[in-house]
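Q: Input final-v6.txt, format and content: compact mmCIF, C-alpha atoms.
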```txt
# COMPACT_ATOMS: atom_id res chain seq x y z
CA MET A 1 -11.45 -62.00 106.43
CA ALA A 2 -9.75 -61.95 109.80
CA ILE A 3 -10.65 -65.61 110.35
CA ALA A 4 -9.25 -66.52 106.94
CA LEU A 5 -6.02 -64.69 107.68
CA LEU A 6 -5.69 -66.44 111.02
CA ALA A 7 -6.13 -69.78 109.30
CA LEU A 8 -3.43 -68.97 106.76
CA VAL A 9 -1.06 -67.96 109.55
CA ALA A 10 -1.75 -71.28 111.23
CA GLY A 11 -0.97 -73.12 108.02
CA CYS A 12 -2.77 -76.29 109.10
CA SER A 13 -6.26 -77.67 109.63
CA THR A 14 -6.59 -76.19 113.09
CA ILE A 15 -6.93 -72.48 113.74
CA ARG A 16 -7.69 -72.85 117.44
CA PHE A 17 -4.20 -72.00 118.66
CA THR A 18 -3.86 -69.02 116.33
CA TYR A 19 -7.31 -67.65 117.18
CA ASN A 20 -6.45 -67.87 120.87
CA GLN A 21 -3.46 -65.64 120.11
CA GLY A 22 -5.51 -63.42 117.81
CA ASP A 23 -5.86 -60.52 120.23
CA THR A 24 -2.07 -60.27 120.50
CA LEU A 25 -1.61 -60.59 116.72
CA LEU A 26 -4.18 -57.86 116.07
CA TYR A 27 -2.52 -55.57 118.61
CA TRP A 28 0.89 -56.06 116.98
CA TRP A 29 -0.59 -55.37 113.55
CA LEU A 30 -2.24 -52.13 114.71
CA ASP A 31 0.89 -51.05 116.56
CA SER A 32 2.95 -51.56 113.39
CA TYR A 33 0.84 -48.79 111.80
CA VAL A 34 0.18 -46.48 114.72
CA ASP A 35 3.16 -46.93 117.09
CA PHE A 36 1.12 -46.71 120.29
CA GLU A 37 2.26 -44.44 123.12
CA GLY A 38 1.63 -44.54 126.87
CA THR A 39 -1.86 -45.56 127.89
CA GLN A 40 -2.91 -46.03 124.26
CA ALA A 41 -1.37 -49.50 124.34
CA ASP A 42 -3.32 -50.56 127.44
CA VAL A 43 -6.59 -49.19 126.05
CA ALA A 44 -6.04 -50.85 122.68
CA LYS A 45 -5.31 -54.21 124.33
CA ARG A 46 -8.41 -53.87 126.51
CA ASP A 47 -10.68 -53.05 123.58
CA ILE A 48 -9.25 -55.79 121.36
CA ASN A 49 -9.76 -58.31 124.14
CA LYS A 50 -13.36 -57.17 124.57
CA LEU A 51 -13.97 -57.45 120.83
CA PHE A 52 -12.57 -60.98 120.75
CA GLN A 53 -14.75 -62.02 123.69
CA TRP A 54 -17.86 -60.80 121.86
CA HIS A 55 -16.73 -62.48 118.65
CA ARG A 56 -16.02 -65.80 120.35
CA GLN A 57 -19.30 -65.85 122.26
CA THR A 58 -21.65 -64.70 119.49
CA GLN A 59 -20.13 -65.29 116.04
CA LEU A 60 -18.17 -68.53 115.88
CA LYS A 61 -21.12 -70.92 116.02
CA ASP A 62 -22.56 -69.04 113.05
CA TYR A 63 -19.24 -69.39 111.20
CA ALA A 64 -19.29 -73.15 111.86
CA ALA A 65 -22.83 -73.37 110.45
CA LEU A 66 -21.84 -71.37 107.34
CA LEU A 67 -18.83 -73.61 106.78
CA GLY A 68 -21.15 -76.59 107.12
CA THR A 69 -23.21 -75.19 104.24
CA PHE A 70 -20.09 -74.79 102.10
CA GLN A 71 -19.01 -78.32 103.01
CA ARG A 72 -22.35 -79.80 101.92
CA GLU A 73 -22.32 -77.83 98.67
CA LEU A 74 -18.82 -79.05 97.86
CA GLY A 75 -20.05 -82.61 98.32
CA GLY A 76 -22.54 -82.03 95.52
CA THR A 77 -22.33 -79.87 92.41
CA PRO A 78 -22.05 -76.24 93.49
CA THR A 79 -23.03 -73.56 91.01
CA GLN A 80 -21.76 -70.05 90.49
CA ALA A 81 -24.93 -68.79 92.16
CA ASP A 82 -24.01 -70.84 95.26
CA LEU A 83 -20.56 -69.22 95.34
CA ILE A 84 -21.99 -65.72 94.95
CA THR A 85 -24.43 -66.41 97.78
CA GLY A 86 -21.51 -67.60 99.93
CA TYR A 87 -19.57 -64.44 99.13
CA ARG A 88 -22.51 -62.28 100.16
CA GLU A 89 -22.92 -64.23 103.40
CA MET A 90 -19.26 -63.62 104.28
CA ARG A 91 -19.59 -59.94 103.40
CA VAL A 92 -22.56 -59.60 105.77
CA ARG A 93 -20.46 -61.06 108.57
CA GLY A 94 -17.55 -58.74 107.81
CA GLU A 95 -19.82 -55.71 107.99
CA ARG A 96 -21.38 -56.99 111.22
CA LEU A 97 -17.97 -57.26 112.83
CA ALA A 98 -16.91 -53.79 111.70
CA LEU A 99 -20.11 -52.16 112.89
CA HIS A 100 -19.86 -53.86 116.27
CA ALA A 101 -16.33 -52.46 116.62
CA VAL A 102 -17.43 -48.84 116.11
CA PRO A 103 -17.05 -47.94 119.85
CA GLU A 104 -13.50 -49.33 119.90
CA MET A 105 -12.64 -47.59 116.61
CA THR A 106 -14.02 -44.36 118.05
CA THR A 107 -11.83 -44.60 121.13
CA LEU A 108 -8.77 -45.26 118.99
CA ALA A 109 -9.56 -42.45 116.52
CA MET A 110 -9.93 -39.92 119.36
CA SER A 111 -6.52 -40.85 120.76
CA ILE A 112 -4.52 -40.65 117.52
CA THR A 113 -1.96 -37.82 117.37
CA PRO A 114 -0.77 -35.93 114.25
CA GLU A 115 2.54 -37.81 114.43
CA GLN A 116 0.71 -41.13 114.50
CA ILE A 117 -1.39 -40.12 111.50
CA GLY A 118 1.95 -39.60 109.75
CA ASN A 119 3.05 -43.07 110.88
CA ILE A 120 -0.09 -44.61 109.41
CA GLU A 121 0.32 -42.74 106.13
CA SER A 122 3.95 -43.84 105.85
CA LYS A 123 3.00 -47.48 106.43
CA PHE A 124 0.24 -47.21 103.83
CA ASN A 125 2.76 -45.85 101.31
CA LYS A 126 5.23 -48.64 102.08
CA LYS A 127 2.60 -51.34 101.64
CA ASN A 128 1.38 -49.73 98.43
CA GLU A 129 4.88 -49.75 97.00
CA GLU A 130 5.24 -53.44 97.83
CA TYR A 131 1.93 -54.17 96.11
CA ARG A 132 2.88 -52.03 93.11
CA ARG A 133 6.23 -53.78 92.73
CA LYS A 134 4.70 -57.25 92.93
CA PHE A 135 1.43 -56.91 91.04
CA VAL A 136 1.33 -53.67 89.01
CA THR A 137 4.74 -53.10 87.45
CA GLY A 138 6.35 -55.26 84.79
CA ASP A 139 4.96 -56.94 81.69
CA ALA A 140 1.64 -58.78 81.55
CA GLU A 141 3.24 -62.21 81.88
CA LYS A 142 4.99 -61.25 85.13
CA ARG A 143 1.81 -59.85 86.64
CA GLN A 144 -0.33 -62.79 85.54
CA LYS A 145 2.18 -65.22 87.01
CA ALA A 146 2.26 -63.37 90.36
CA ARG A 147 -1.55 -63.32 90.52
CA TYR A 148 -1.80 -67.00 89.57
CA LYS A 149 0.78 -68.01 92.16
CA LYS A 150 -1.05 -66.11 94.90
CA SER A 151 -4.39 -67.72 94.05
CA MET A 152 -2.91 -71.22 93.82
CA GLU A 153 -1.48 -70.89 97.31
CA GLN A 154 -5.06 -70.48 98.51
CA PHE A 155 -6.41 -73.36 96.43
CA GLU A 156 -3.64 -75.71 97.58
CA LEU A 157 -4.45 -74.85 101.19
CA TRP A 158 -7.91 -76.27 100.59
CA PHE A 159 -7.44 -79.01 98.01
CA GLY A 160 -3.82 -80.08 98.45
CA ASN A 161 -1.39 -80.39 95.55
CA PHE A 162 -2.55 -80.10 91.94
CA THR A 163 -1.20 -82.10 89.01
CA SER A 164 0.58 -80.36 86.14
CA GLU A 165 -2.51 -80.93 83.96
CA GLN A 166 -4.72 -79.28 86.59
CA GLU A 167 -2.27 -76.41 86.95
CA THR A 168 -2.42 -75.83 83.19
CA ILE A 169 -6.21 -75.58 83.34
CA MET A 170 -6.04 -73.26 86.35
CA ARG A 171 -3.40 -71.03 84.78
CA ARG A 172 -5.51 -70.65 81.65
CA ALA A 173 -8.57 -69.77 83.77
CA SER A 174 -6.52 -67.33 85.86
CA ASP A 175 -5.12 -65.54 82.81
CA ALA A 176 -8.63 -65.18 81.37
CA ARG A 177 -9.51 -62.81 84.21
CA PRO A 178 -9.02 -59.05 83.67
CA LEU A 179 -5.54 -57.93 84.67
CA ASP A 180 -6.71 -55.09 86.89
CA ALA A 181 -4.19 -54.85 89.73
CA HIS A 182 -3.83 -51.13 89.00
CA ILE A 183 -7.53 -50.65 89.83
CA TRP A 184 -7.10 -52.60 93.06
CA LEU A 185 -4.22 -50.31 93.95
CA GLU A 186 -6.46 -47.30 93.29
CA GLU A 187 -9.09 -48.84 95.58
CA ARG A 188 -6.54 -49.45 98.33
CA GLN A 189 -5.41 -45.84 98.08
CA TRP A 190 -9.00 -44.58 98.10
CA ARG A 191 -9.72 -46.47 101.35
CA GLN A 192 -6.49 -45.20 102.86
CA ARG A 193 -7.31 -41.60 102.00
CA ARG A 194 -10.77 -42.05 103.52
CA ILE A 195 -9.28 -43.38 106.77
CA LEU A 196 -6.68 -40.62 106.96
CA ALA A 197 -9.29 -37.94 106.21
CA MET A 198 -11.45 -39.19 109.07
CA LEU A 199 -8.54 -39.27 111.51
CA ARG A 200 -7.39 -35.77 110.54
CA LYS A 201 -10.89 -34.36 110.92
CA VAL A 202 -11.24 -35.87 114.39
CA GLN A 203 -7.83 -34.57 115.44
CA LEU A 204 -7.96 -31.10 113.91
CA GLU A 205 -11.52 -30.30 114.96
CA LYS A 206 -11.17 -31.94 118.40
CA LEU A 207 -14.43 -33.82 117.90
CA ASN A 208 -16.21 -35.23 120.92
CA ARG A 209 -17.18 -38.90 121.23
CA GLU A 210 -20.60 -38.55 119.63
CA GLN A 211 -19.16 -36.61 116.70
CA THR A 212 -16.30 -39.06 116.27
CA THR A 213 -18.69 -42.01 116.32
CA ALA A 214 -20.64 -40.38 113.51
CA GLN A 215 -17.44 -39.92 111.50
CA VAL A 216 -16.41 -43.57 111.99
CA GLN A 217 -19.87 -44.78 110.96
CA ALA A 218 -19.83 -42.56 107.87
CA MET A 219 -16.41 -43.90 106.91
CA LEU A 220 -17.60 -47.50 107.20
CA ARG A 221 -20.71 -46.73 105.14
CA ASP A 222 -18.49 -45.28 102.42
CA ILE A 223 -16.11 -48.25 102.47
CA PHE A 224 -18.79 -50.94 102.43
CA GLY A 225 -20.94 -48.95 100.03
CA ARG A 226 -18.07 -48.65 97.57
CA LEU A 227 -19.14 -51.91 95.92
CA GLU A 228 -22.42 -50.27 94.90
CA SER A 229 -21.08 -46.81 94.05
CA PRO A 230 -21.71 -45.60 90.47
CA GLU A 231 -18.00 -45.23 89.70
CA ARG A 232 -17.06 -48.75 90.83
CA LYS A 233 -20.16 -50.98 90.76
CA SER A 234 -19.46 -52.42 87.32
CA PHE A 235 -15.86 -53.17 88.30
CA TYR A 236 -16.83 -54.99 91.50
CA ASP A 237 -19.70 -56.85 89.83
CA ASN A 238 -17.32 -58.07 87.13
CA TYR A 239 -14.70 -58.99 89.73
CA ILE A 240 -17.18 -61.11 91.69
CA ASP A 241 -18.39 -62.76 88.48
CA GLN A 242 -14.87 -63.59 87.26
CA THR A 243 -13.60 -64.70 90.67
CA THR A 244 -16.49 -67.07 91.33
CA LYS A 245 -16.05 -68.56 87.85
CA TYR A 246 -12.36 -69.09 88.63
CA ILE A 247 -13.16 -70.79 91.95
CA LEU A 248 -15.74 -72.93 90.17
CA THR A 249 -13.02 -74.04 87.73
CA ALA A 250 -10.89 -75.18 90.67
CA ILE A 251 -13.81 -77.13 92.15
CA ARG A 252 -14.71 -78.79 88.85
CA THR A 253 -11.05 -79.60 88.15
CA ALA A 254 -10.52 -81.15 91.59
CA THR A 255 -10.58 -84.92 91.93
CA PRO A 256 -12.86 -86.68 94.44
CA ALA A 257 -9.83 -87.11 96.70
CA GLN A 258 -9.03 -83.40 96.52
CA LYS A 259 -12.63 -82.48 97.30
CA ALA A 260 -12.56 -84.86 100.25
CA HIS A 261 -9.35 -83.12 101.40
CA ALA A 262 -11.17 -79.77 101.27
CA GLN A 263 -14.17 -81.17 103.14
CA GLN A 264 -11.90 -82.59 105.83
CA ARG A 265 -10.20 -79.22 106.21
CA MET A 266 -13.58 -77.56 106.52
CA GLN A 267 -14.57 -80.13 109.14
CA GLY A 268 -11.44 -79.28 111.10
CA TRP A 269 -12.36 -75.61 110.99
CA ILE A 270 -15.96 -76.36 112.00
CA GLN A 271 -14.75 -78.31 115.02
CA ASP A 272 -12.31 -75.53 115.89
CA PHE A 273 -15.02 -72.87 115.71
CA GLN A 274 -17.30 -74.96 117.90
CA ALA A 275 -14.53 -75.56 120.44
CA LEU A 276 -13.55 -71.88 120.49
CA ALA A 277 -17.18 -70.85 120.98
CA ALA A 278 -17.24 -73.17 123.98
CA GLY A 279 -14.20 -71.38 125.41
CA LYS A 280 -11.64 -74.07 124.59
```
What does the file become when written as structure tokens?
A:
Amino acid sequence: MAIALLALVAGCSTIRFTYNQGDTLLYWWLDSYVDFEGTQADVAKRDINKLFQWHRQTQLKDYAALLGTFQRELGGTPTQADLITGYREMRVRGERLALHAVPEMTTLAMSITPEQIGNIESKFNKKNEEYRRKFVTGDAEKRQKARYKKSMEQFELWFGNFTSEQETIMRRASDARPLDAHIWLEERQWRQRRILAMLRKVQLEKLNREQTTAQVQAMLRDIFGRLESPERKSFYDNYIDQTTKYILTAIRTATPAQKAHAQQRMQGWIQDFQALAAGK
């Protein structure tokens, strides 16, 4: 997910420049929630830099290989099963990154003050209100339009511009999906409460490093295990099913030229990942 966000920030076929600034961007993002004080800033920068070094040296070649698989599939006739497999592969890599960052998360969690927990909670609330205003409130047409517009921004990044006829097909496919932004908001709030609960426990009980590590690991298990939890499994299974069908509609609607555009973009990313892995 972080790689995808970096690519969107770059807004072009190359993500090399943005990735090379990624440690600074991640620090700014964390600081916008926490508001680091004193030595916290130096420690956070050190740990982020260390995480990026590991990621560059050990993960990017694998990302290039995975993108190569997607590129080859797009050149043929990908199925929904192919897309679901791709989703699972990306999820594995997201979990791998999070688990590798447990020591850095532990250090950060142990340094957070009660005031900073309040800062984080306030930022969560602000972001939730923005999400609620854009995707939850208003009539169904407004919410469907906002969701469709957001998804088309992603598709146009890959395939280029769509014709009005293609947009009609895509809008119909988008509107066929369940309008469940309120559930996504509930899920956001659940994750936020889990994070805040962990931070408060560490702070109030003055947990040592071993105890804090256990709390961070338990939090990650809960977050990643949410997709299989009894109260949410059917929702997430349906979401994955509907989303992959929607993506498949975009692929099947795309012209050969648009697919070639997507493959070229993937090739640019593959080359960028390979160059970054080589330290360029």
Q: In terms of the shortest atom-to-atom distance over all atoms listed in the file, which of A:Phe273, A:Ala98, A:Gln116, A:Lys45 is closest to Phe224 (chain A)?
A: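 Among the listed residues, A:Ala98 lies closest to Phe224 (chain A).
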Q: Which of these, A:Asp222, A:Asp82, A:Glu228, A:Asp272, has the shortest distance to Met198 (chain A) once you count all atoms listed in the file?
A: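 Ranking A:Asp222, A:Asp82, A:Glu228, A:Asp272 by distance to Met198 (chain A), first place goes to A:Asp222.
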Q: Which neighbours of Thr113 (chain A) fall inside 10 Å, counting only C-alpha atoms, when residues of the same chain fewer than 4 positions from it are skipped, and could you give them as a ChimeraX atom specification?
A: /A:34,36-37,109,117-119,199-200,202-204
Q: Nearest to Gln189 (chain A) among A:Ala254, A:Ile169, A:Lys233, A:Glu121, with distances taken over all atoms listed in the file: which residue is it?
A: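 Using all atoms listed in the file, Gln189 (chain A) sits closest to A:Glu121.
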Q: List as a tab-separated table (two decimals) with C-alpha atoms, keeping the file's coordinate frame the protein and nucleic acid residues near region 206-216 of chain A, meaning an atom at most 9 Å away when all atoms listed in the file are counted, but skip any in the same chain fewer than 6 places from it.
A:
```
chain	number	residue	atom	x	y	z
A	102	VAL	CA	-17.43	-48.84	116.11
A	103	PRO	CA	-17.05	-47.94	119.85
A	105	MET	CA	-12.64	-47.59	116.61
A	106	THR	CA	-14.02	-44.36	118.05
A	107	THR	CA	-11.83	-44.60	121.13
A	109	ALA	CA	-9.56	-42.45	116.52
A	110	MET	CA	-9.93	-39.92	119.36
A	195	ILE	CA	-9.28	-43.38	106.77
A	198	MET	CA	-11.45	-39.19	109.07
A	199	LEU	CA	-8.54	-39.27	111.51
```
Q: Measuring atom to atom with all atoms listed in the file, identify which of A:Asn128, A:Gln217, A:Gln258, A:Asn49 is nearest to Trp190 (chain A).
A: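 Closest candidate: A:Asn128.
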Q: Distance cut-off 12 Å, centre (-1.4, -64.0, 88.9) in file coordinates, counting only C-alpha atoms: which residues qualify? Return them as an MDAnalysis selection string.
A: chainID A and resid 134:136 139:153 170:181
Q: Let me see the file: selected residues, C-alpha atoms, as a CSV table (one decimal), keeping the file's coordinate frame.
A:
```csv
chain,number,residue,atom,x,y,z
A,134,LYS,CA,4.7,-57.2,92.9
A,135,PHE,CA,1.4,-56.9,91.0
A,136,VAL,CA,1.3,-53.7,89.0
A,139,ASP,CA,5.0,-56.9,81.7
A,140,ALA,CA,1.6,-58.8,81.6
A,141,GLU,CA,3.2,-62.2,81.9
A,142,LYS,CA,5.0,-61.2,85.1
A,143,ARG,CA,1.8,-59.8,86.6
A,144,GLN,CA,-0.3,-62.8,85.5
A,145,LYS,CA,2.2,-65.2,87.0
A,146,ALA,CA,2.3,-63.4,90.4
A,147,ARG,CA,-1.6,-63.3,90.5
A,148,TYR,CA,-1.8,-67.0,89.6
A,149,LYS,CA,0.8,-68.0,92.2
A,150,LYS,CA,-1.0,-66.1,94.9
A,151,SER,CA,-4.4,-67.7,94.0
A,152,MET,CA,-2.9,-71.2,93.8
A,153,GLU,CA,-1.5,-70.9,97.3
A,170,MET,CA,-6.0,-73.3,86.4
A,171,ARG,CA,-3.4,-71.0,84.8
A,172,ARG,CA,-5.5,-70.6,81.6
A,173,ALA,CA,-8.6,-69.8,83.8
A,174,SER,CA,-6.5,-67.3,85.9
A,175,ASP,CA,-5.1,-65.5,82.8
A,176,ALA,CA,-8.6,-65.2,81.4
A,177,ARG,CA,-9.5,-62.8,84.2
A,178,PRO,CA,-9.0,-59.0,83.7
A,179,LEU,CA,-5.5,-57.9,84.7
A,180,ASP,CA,-6.7,-55.1,86.9
A,181,ALA,CA,-4.2,-54.8,89.7
```
Q: What does the distance between CA of Leu185 (chain A) and CA of Asp23 (chain A) come to in Å, to one decimal place?
A: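 Separation of CA of Leu185 (chain A) and CA of Asp23 (chain A): 28.2 Å.
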Q: Between CA of Gly22 (chain A) and CA of Gly268 (chain A), what is the distance, to one decimal in Å?
A: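 Answer for the CA of Gly22 (chain A) to CA of Gly268 (chain A) separation: 18.2 Å.
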Q: Do you have the CA of His182 (chain A)-CA of Ser122 (chain A) distance handy?
A: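 Separating CA of His182 (chain A) from CA of Ser122 (chain A) is a distance of 19.9 Å.
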Q: Name the residues in contact with Gln57 (chain A) at a cut-off of 9 Å, using only C-alpha atoms, excluding same-chain residues fewer than 5 positions from it; report them as a list in words.
A: Phe52, Leu276, Ala277, Ala278 and Gly279 of chain A
Q: Please produce an output containing C-alpha atoms for each residue in the selection, written as a compact mmCIF listing (two decimals), in the coordinates of the input.
A:
```
# COMPACT_ATOMS: atom_id res chain seq x y z
CA PHE A 52 -12.57 -60.98 120.75
CA LEU A 276 -13.55 -71.88 120.49
CA ALA A 277 -17.18 -70.85 120.98
CA ALA A 278 -17.24 -73.17 123.98
CA GLY A 279 -14.20 -71.38 125.41
```
Q: When you get a chance, write out all heavy atoms for region 258-269 of chain A, as a PDB file, in the frame of the given file.
A:
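Printed below is out.pdb as written:
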```
ATOM      1  N   GLN A 258      -9.328 -84.792  96.182  1.00  0.00           N
ATOM      2  CA  GLN A 258      -9.030 -83.400  96.520  1.00  0.00           C
ATOM      3  C   GLN A 258     -10.236 -82.725  97.167  1.00  0.00           C
ATOM      4  O   GLN A 258     -10.086 -81.938  98.104  1.00  0.00           O
ATOM      5  CB  GLN A 258      -8.590 -82.641  95.263  1.00  0.00           C
ATOM      6  CG  GLN A 258      -7.205 -83.036  94.778  1.00  0.00           C
ATOM      7  CD  GLN A 258      -6.890 -82.481  93.412  1.00  0.00           C
ATOM      8  OE1 GLN A 258      -7.754 -82.346  92.546  1.00  0.00           O
ATOM      9  NE2 GLN A 258      -5.616 -82.146  93.188  1.00  0.00           N
ATOM     10  N   LYS A 259     -11.429 -83.031  96.679  1.00  0.00           N
ATOM     11  CA  LYS A 259     -12.630 -82.480  97.300  1.00  0.00           C
ATOM     12  C   LYS A 259     -12.790 -83.010  98.723  1.00  0.00           C
ATOM     13  O   LYS A 259     -13.182 -82.272  99.634  1.00  0.00           O
ATOM     14  CB  LYS A 259     -13.866 -82.827  96.468  1.00  0.00           C
ATOM     15  CG  LYS A 259     -13.947 -82.068  95.151  1.00  0.00           C
ATOM     16  CD  LYS A 259     -15.221 -82.420  94.402  1.00  0.00           C
ATOM     17  CE  LYS A 259     -15.317 -81.661  93.090  1.00  0.00           C
ATOM     18  NZ  LYS A 259     -16.555 -82.007  92.340  1.00  0.00           N
ATOM     19  N   ALA A 260     -12.485 -84.272  98.902  1.00  0.00           N
ATOM     20  CA  ALA A 260     -12.560 -84.860 100.250  1.00  0.00           C
ATOM     21  C   ALA A 260     -11.554 -84.182 101.168  1.00  0.00           C
ATOM     22  O   ALA A 260     -11.844 -83.944 102.353  1.00  0.00           O
ATOM     23  CB  ALA A 260     -12.288 -86.360 100.178  1.00  0.00           C
ATOM     24  N   HIS A 261     -10.375 -83.843 100.626  1.00  0.00           N
ATOM     25  CA  HIS A 261      -9.350 -83.120 101.400  1.00  0.00           C
ATOM     26  C   HIS A 261      -9.913 -81.775 101.857  1.00  0.00           C
ATOM     27  O   HIS A 261      -9.737 -81.373 103.017  1.00  0.00           O
ATOM     28  CB  HIS A 261      -8.111 -82.926 100.525  1.00  0.00           C
ATOM     29  CG  HIS A 261      -6.968 -82.245 101.210  1.00  0.00           C
ATOM     30  ND1 HIS A 261      -6.904 -80.868 101.364  1.00  0.00           N
ATOM     31  CD2 HIS A 261      -5.841 -82.738 101.776  1.00  0.00           C
ATOM     32  CE1 HIS A 261      -5.783 -80.552 101.997  1.00  0.00           C
ATOM     33  NE2 HIS A 261      -5.122 -81.659 102.251  1.00  0.00           N
ATOM     34  N   ALA A 262     -10.593 -81.063 100.933  1.00  0.00           N
ATOM     35  CA  ALA A 262     -11.170 -79.770 101.270  1.00  0.00           C
ATOM     36  C   ALA A 262     -12.277 -79.918 102.314  1.00  0.00           C
ATOM     37  O   ALA A 262     -12.389 -79.108 103.247  1.00  0.00           O
ATOM     38  CB  ALA A 262     -11.719 -79.091 100.016  1.00  0.00           C
ATOM     39  N   GLN A 263     -13.098 -80.947 102.171  1.00  0.00           N
ATOM     40  CA  GLN A 263     -14.170 -81.170 103.140  1.00  0.00           C
ATOM     41  C   GLN A 263     -13.613 -81.503 104.520  1.00  0.00           C
ATOM     42  O   GLN A 263     -14.143 -81.054 105.538  1.00  0.00           O
ATOM     43  CB  GLN A 263     -15.084 -82.277 102.649  1.00  0.00           C
ATOM     44  CG  GLN A 263     -15.961 -81.866 101.479  1.00  0.00           C
ATOM     45  CD  GLN A 263     -16.820 -83.012 100.974  1.00  0.00           C
ATOM     46  OE1 GLN A 263     -16.312 -84.068 100.599  1.00  0.00           O
ATOM     47  NE2 GLN A 263     -18.124 -82.815 100.977  1.00  0.00           N
ATOM     48  N   GLN A 264     -12.536 -82.273 104.556  1.00  0.00           N
ATOM     49  CA  GLN A 264     -11.900 -82.590 105.830  1.00  0.00           C
ATOM     50  C   GLN A 264     -11.320 -81.346 106.495  1.00  0.00           C
ATOM     51  O   GLN A 264     -11.394 -81.162 107.708  1.00  0.00           O
ATOM     52  CB  GLN A 264     -10.807 -83.636 105.615  1.00  0.00           C
ATOM     53  CG  GLN A 264     -11.336 -85.015 105.268  1.00  0.00           C
ATOM     54  CD  GLN A 264     -10.240 -85.976 104.847  1.00  0.00           C
ATOM     55  OE1 GLN A 264      -9.058 -85.635 104.860  1.00  0.00           O
ATOM     56  NE2 GLN A 264     -10.626 -87.192 104.450  1.00  0.00           N
ATOM     57  N   ARG A 265     -10.730 -80.479 105.658  1.00  0.00           N
ATOM     58  CA  ARG A 265     -10.200 -79.220 106.210  1.00  0.00           C
ATOM     59  C   ARG A 265     -11.328 -78.373 106.762  1.00  0.00           C
ATOM     60  O   ARG A 265     -11.206 -77.787 107.833  1.00  0.00           O
ATOM     61  CB  ARG A 265      -9.428 -78.458 105.123  1.00  0.00           C
ATOM     62  CG  ARG A 265      -8.754 -77.198 105.639  1.00  0.00           C
ATOM     63  CD  ARG A 265      -7.815 -76.611 104.614  1.00  0.00           C
ATOM     64  NE  ARG A 265      -6.666 -77.467 104.390  1.00  0.00           N
ATOM     65  CZ  ARG A 265      -5.590 -77.477 105.166  1.00  0.00           C
ATOM     66  NH1 ARG A 265      -5.541 -76.696 106.232  1.00  0.00           N
ATOM     67  NH2 ARG A 265      -4.576 -78.253 104.883  1.00  0.00           N
ATOM     68  N   MET A 266     -12.424 -78.297 106.028  1.00  0.00           N
ATOM     69  CA  MET A 266     -13.580 -77.560 106.520  1.00  0.00           C
ATOM     70  C   MET A 266     -14.076 -78.153 107.838  1.00  0.00           C
ATOM     71  O   MET A 266     -14.438 -77.414 108.758  1.00  0.00           O
ATOM     72  CB  MET A 266     -14.707 -77.575 105.486  1.00  0.00           C
ATOM     73  CG  MET A 266     -14.454 -76.735 104.267  1.00  0.00           C
ATOM     74  SD  MET A 266     -15.879 -76.777 103.141  1.00  0.00           S
ATOM     75  CE  MET A 266     -15.231 -75.847 101.758  1.00  0.00           C
ATOM     76  N   GLN A 267     -14.106 -79.487 107.913  1.00  0.00           N
ATOM     77  CA  GLN A 267     -14.570 -80.130 109.140  1.00  0.00           C
ATOM     78  C   GLN A 267     -13.662 -79.770 110.308  1.00  0.00           C
ATOM     79  O   GLN A 267     -14.142 -79.538 111.429  1.00  0.00           O
ATOM     80  CB  GLN A 267     -14.601 -81.648 108.958  1.00  0.00           C
ATOM     81  CG  GLN A 267     -15.196 -82.400 110.143  1.00  0.00           C
ATOM     82  CD  GLN A 267     -16.632 -81.993 110.422  1.00  0.00           C
ATOM     83  OE1 GLN A 267     -17.411 -81.734 109.502  1.00  0.00           O
ATOM     84  NE2 GLN A 267     -16.989 -81.922 111.696  1.00  0.00           N
ATOM     85  N   GLY A 268     -12.362 -79.693 110.050  1.00  0.00           N
ATOM     86  CA  GLY A 268     -11.440 -79.280 111.100  1.00  0.00           C
ATOM     87  C   GLY A 268     -11.732 -77.869 111.571  1.00  0.00           C
ATOM     88  O   GLY A 268     -11.720 -77.585 112.779  1.00  0.00           O
ATOM     89  N   TRP A 269     -12.029 -76.987 110.633  1.00  0.00           N
ATOM     90  CA  TRP A 269     -12.360 -75.610 110.990  1.00  0.00           C
ATOM     91  C   TRP A 269     -13.680 -75.555 111.766  1.00  0.00           C
ATOM     92  O   TRP A 269     -13.810 -74.801 112.724  1.00  0.00           O
ATOM     93  CB  TRP A 269     -12.458 -74.759 109.728  1.00  0.00           C
ATOM     94  CG  TRP A 269     -11.136 -74.366 109.145  1.00  0.00           C
ATOM     95  CD1 TRP A 269      -9.951 -75.029 109.278  1.00  0.00           C
ATOM     96  CD2 TRP A 269     -10.884 -73.224 108.330  1.00  0.00           C
ATOM     97  NE1 TRP A 269      -8.975 -74.366 108.580  1.00  0.00           N
ATOM     98  CE2 TRP A 269      -9.511 -73.259 107.993  1.00  0.00           C
ATOM     99  CE3 TRP A 269     -11.656 -72.199 107.848  1.00  0.00           C
ATOM    100  CZ2 TRP A 269      -8.906 -72.297 107.200  1.00  0.00           C
ATOM    101  CZ3 TRP A 269     -11.067 -71.229 107.039  1.00  0.00           C
ATOM    102  CH2 TRP A 269      -9.701 -71.277 106.727  1.00  0.00           C
TER     103      TRP A 269
END
```
